[in-house]
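**Q** Data: start.cif, mmCIF, C-alpha atoms.
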```cif
data_protein
loop_
_atom_site.label_atom_id
_atom_site.label_comp_id
_atom_site.auth_asym_id
_atom_site.auth_seq_id
_atom_site.Cartn_x
_atom_site.Cartn_y
_atom_site.Cartn_z
CA PHE A 9 87.90 105.12 96.91
CA GLN A 10 87.39 108.45 95.17
CA GLN A 11 86.44 109.99 98.53
CA ARG A 12 89.85 108.96 99.91
CA GLY A 13 91.79 110.77 97.20
CA LEU A 14 92.77 107.93 94.89
CA ASP A 15 90.59 106.91 91.97
CA GLY A 16 89.20 103.41 92.49
CA PHE A 17 90.24 102.31 89.00
CA ILE A 18 93.89 103.11 89.71
CA LEU A 19 93.86 101.37 93.08
CA ARG A 20 92.22 98.26 91.61
CA TRP A 21 94.76 98.28 88.75
CA ILE A 22 97.67 98.49 91.21
CA CYS A 23 96.15 95.62 93.24
CA LYS A 24 95.32 93.58 90.13
CA GLY A 25 91.60 93.79 90.87
CA ASP A 26 91.74 92.49 94.44
CA VAL A 27 92.31 95.33 96.91
CA SER A 28 91.52 93.22 99.98
CA ARG A 29 94.30 90.78 99.03
CA TYR A 30 96.83 93.46 100.00
CA SER A 31 95.21 94.35 103.31
CA PRO A 32 97.20 93.20 106.36
CA THR A 33 93.98 93.31 108.40
CA GLU A 34 92.19 91.00 105.97
CA ALA A 35 95.20 88.65 105.81
CA LEU A 36 95.22 88.41 109.61
CA ARG A 37 91.45 87.77 109.67
CA GLU A 38 91.89 84.98 107.10
CA PHE A 39 94.62 83.48 109.28
CA ILE A 40 92.30 83.60 112.30
CA VAL A 41 89.44 81.94 110.39
CA ALA A 42 91.76 79.24 109.01
CA HIS A 43 93.14 78.58 112.48
CA GLN A 44 89.63 78.30 113.93
CA GLN A 45 88.61 75.87 111.20
CA GLN A 46 91.69 73.74 111.88
CA GLN A 47 90.78 73.59 115.56
CA GLN A 48 87.24 72.45 114.74
CA GLN A 49 88.32 69.64 112.39
CA PRO A 50 92.00 68.91 112.94
CA SER A 51 93.69 66.33 110.79
CA GLN A 52 96.21 63.95 112.33
CA ARG A 53 99.05 66.20 111.14
CA GLN A 54 97.49 69.39 112.54
CA ARG A 55 96.59 68.09 116.01
CA SER A 56 99.81 69.17 117.69
CA PHE A 57 99.45 72.72 116.37
CA SER A 58 95.73 72.97 117.05
CA ASN A 59 96.28 72.30 120.75
CA ASN A 60 97.75 75.80 120.93
CA SER A 61 95.25 78.62 120.93
CA LEU A 62 95.39 81.46 118.45
CA SER A 63 96.17 83.91 121.22
CA ILE A 64 99.25 81.88 122.14
CA ALA A 65 100.38 81.96 118.49
CA LEU A 66 99.87 85.71 118.22
CA SER A 67 101.37 86.37 121.64
CA ASP A 68 104.68 85.28 120.15
CA PHE A 69 104.54 88.09 117.59
CA PRO A 70 107.30 90.64 117.99
CA GLU A 71 106.40 94.19 118.97
CA VAL A 72 104.23 95.79 116.27
CA SER A 73 104.30 99.55 115.68
CA LEU A 74 101.84 101.12 113.24
CA PHE A 75 102.33 104.62 111.84
CA HIS A 76 99.64 106.66 110.07
CA GLY A 77 98.72 110.21 109.15
CA SER A 78 95.40 111.53 110.46
CA CYS A 79 94.61 113.22 107.13
CA ASP A 80 95.53 110.32 104.87
CA ALA A 81 93.06 110.46 101.99
CA THR A 82 94.40 107.33 100.27
CA ILE A 83 94.14 104.92 103.21
CA PRO A 84 92.22 106.32 106.19
CA SER A 85 93.86 106.07 109.61
CA SER A 86 90.85 104.01 110.71
CA ILE A 87 92.40 101.12 108.76
CA SER A 88 95.43 101.14 111.11
CA ARG A 89 93.14 101.41 114.12
CA GLU A 90 91.24 98.37 112.86
CA LEU A 91 94.48 96.41 112.37
CA GLN A 92 95.59 97.35 115.88
CA THR A 93 92.29 96.05 117.27
CA VAL A 94 92.53 92.76 115.37
CA LEU A 95 96.11 92.24 116.55
CA VAL A 96 95.30 93.01 120.19
CA ASP A 97 92.11 90.93 120.14
CA GLY A 98 94.13 88.11 118.59
CA GLY A 99 96.58 88.10 121.50
CA CYS A 100 99.48 90.29 120.40
CA LYS A 101 101.08 91.69 123.52
CA ASN A 102 102.85 94.80 122.22
CA VAL A 103 100.95 96.78 119.58
CA SER A 104 101.31 100.53 119.33
CA LEU A 105 99.67 102.98 116.94
CA HIS A 106 101.20 106.36 116.19
CA ILE A 107 98.85 108.82 114.47
CA TYR A 108 100.54 111.93 113.11
CA GLU A 109 98.03 114.77 113.28
CA GLY A 110 97.58 116.63 110.01
CA TRP A 111 99.75 114.28 107.97
CA SER A 112 98.61 112.79 104.68
CA HIS A 113 99.73 109.56 103.02
CA THR A 114 103.05 111.02 101.83
CA ASP A 115 103.89 113.57 104.53
CA ALA A 116 106.12 111.15 106.42
CA ILE A 117 108.39 110.45 103.47
CA LEU A 118 108.09 113.59 101.31
CA GLU A 119 106.62 116.80 102.69
CA ALA A 120 107.76 116.56 106.33
CA PRO A 121 111.44 115.69 105.65
CA MET A 122 111.61 118.46 103.05
CA VAL A 123 110.89 121.00 105.80
CA GLY A 124 113.14 119.29 108.34
CA ASP A 125 110.46 117.30 110.19
CA ASN A 126 111.94 113.81 110.58
CA ARG A 127 109.54 112.74 113.34
CA LEU A 128 108.60 109.42 111.73
CA PHE A 129 112.21 108.35 111.17
CA ARG A 130 113.21 109.45 114.67
CA ASP A 131 110.22 107.62 116.19
CA MET A 132 111.04 104.42 114.30
CA SER A 133 114.68 104.65 115.37
CA ASP A 134 113.70 105.27 118.99
CA ILE A 135 111.41 102.23 118.97
CA LEU A 136 114.19 100.08 117.54
CA HIS A 137 116.47 101.34 120.32
CA GLY A 138 113.92 100.62 123.05
CA GLU A 139 112.30 103.97 123.82
CA SER A 140 108.76 103.60 125.17
CA ASP A 141 105.62 104.77 123.37
CA SER A 142 104.82 107.21 126.18
CA GLU A 143 108.27 108.84 125.85
CA ILE A 144 107.80 109.18 122.09
CA ARG A 145 104.29 110.65 122.45
CA GLU A 146 105.47 113.10 125.11
CA ARG A 147 108.36 114.29 122.92
CA ASN A 148 106.09 114.66 119.88
CA GLN A 149 103.54 116.63 121.93
CA GLU A 150 106.34 119.04 122.92
CA ILE A 151 107.25 119.46 119.22
CA ILE A 152 103.62 120.19 118.29
CA GLU A 153 103.27 122.77 121.07
CA LEU A 154 106.42 124.68 119.99
#
```
Here is the file; what I need is its structure written in the form of structure tokens.

**A**
Amino acid sequence: FQQRGLDGFILRWICKGDVSRYSPTEALREFIVAHQQQQQQPSQRQRSFSNNSLSIALSDFPEVSLFHGSCDATIPSSISRELQTVLVDGGCKNVSLHIYEGWSHTDAILEAPMVGDNRLFRDMSDILHGESDSEIRERNQEIIEL
């Protein structure tokens, strides 16, 4: 943890000693394992659910958009990439990952807005209003090139 910019003691204290408990990737993996175990040995009550595959269950997820800074020293952007992979492999149909080059853990909510860069908030709003990922990436590339 120290290599990522946050002392391991502090992170473990915040997470009450169990950092993985707060990981969405680990929670999804636990769900997958539990679902697979139910399919192998279904009880009478679980049989109707276990007839559905995990991919069918995850295909009903709403659109998932992940946002991360490429220079995040607290939680590396690879963590979001891993979550994206687990979601897609699990059957989620619409998963997008937005990596903001040069941004740290707090740039999106502190440093960037203080200098007038509201890219994250605009991107989230655009997604909620139906703009496509390719349109958002194209617009952000134009901003970076200016």

**Q** Could you list the residues chosen by the PyMOL selection byres ((chain A and resi 132) around 12) in this structure as an MDAnalysis selection string?

**A** chainID A and resid 72:75 104:106 116 126:131 133:141 144

**Q** If the box runs along x, y and z of the file and leaves 3 Å on each side of region 111-128 of chain A, what are its centre and edge lengths in Å, one decimal, as lines of an AutoDock Vina configuration file?

**A**
```
center_x = 105.9
center_y = 115.2
center_z = 107.3
size_x = 20.5
size_y = 17.6
size_z = 18.0
```

**Q** Which one is closest to Ile87 (chain A): A:Asn148, A:Ser28, A:Glu119, A:Thr114? Count all atoms listed in the file.

**A**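 Nearest to Ile87 (chain A): A:Ser28.
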
**Q** Would you please work out which residue, of A:Pro84, A:Pro70, A:Gly77, A:Pro32, is nearest to Glu109 (chain A) when using only C-alpha atoms?

**A**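 Between A:Pro84, A:Pro70, A:Gly77, A:Pro32, the residue approaching Glu109 (chain A) most closely is A:Gly77.
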
**Q** Enter the distance from CA of Val123 (chain A) to CA of Ile83 (chain A), in Å, rounded to one decimal.

**A** 23.4 Å

**Q** What's the separation between CA of Tyr108 (chain A) and CA of Glu71 (chain A), in Å to one decimal place?

**A**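 So the answer is 19.6 Å.
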
**Q** Could you tell me how far CA of Leu66 (chain A) sits from CA of Gly99 (chain A), in Å to one decimal place?

**A**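 It comes out at 5.2 Å.
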
**Q** Got a sec: who's within 10 Å of Phe69 (chain A), counting all atoms listed in the file, leaving out chain neighbours fewer than 3 positions off, as a list in words?

**A**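 Those residues are Ile64, Ala65, Leu66, Val72, Leu95, Gly99, Cys100, Lys101, Asn102 and Val103 of chain A.
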
**Q** May I ask which of the residues A:Asp80, A:Ile18, A:Asp68, A:Gln92 is the closest one to Leu36 (chain A), counting only C-alpha atoms?

**A**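 Comparing A:Asp80, A:Ile18, A:Asp68, A:Gln92 against Leu36 (chain A), the winner is A:Gln92.
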
**Q** Give me the residues near Ser31 (chain A) as a list in words, where near means some atom within 12 Å (using only C-alpha atoms) and where sequence neighbours in that chain fewer than 6 positions away do not count.

**A**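 Everything that qualifies: Cys23, Arg37, Glu38, Ile83, Ile87, Ser88, Glu90 and Leu91 of chain A.
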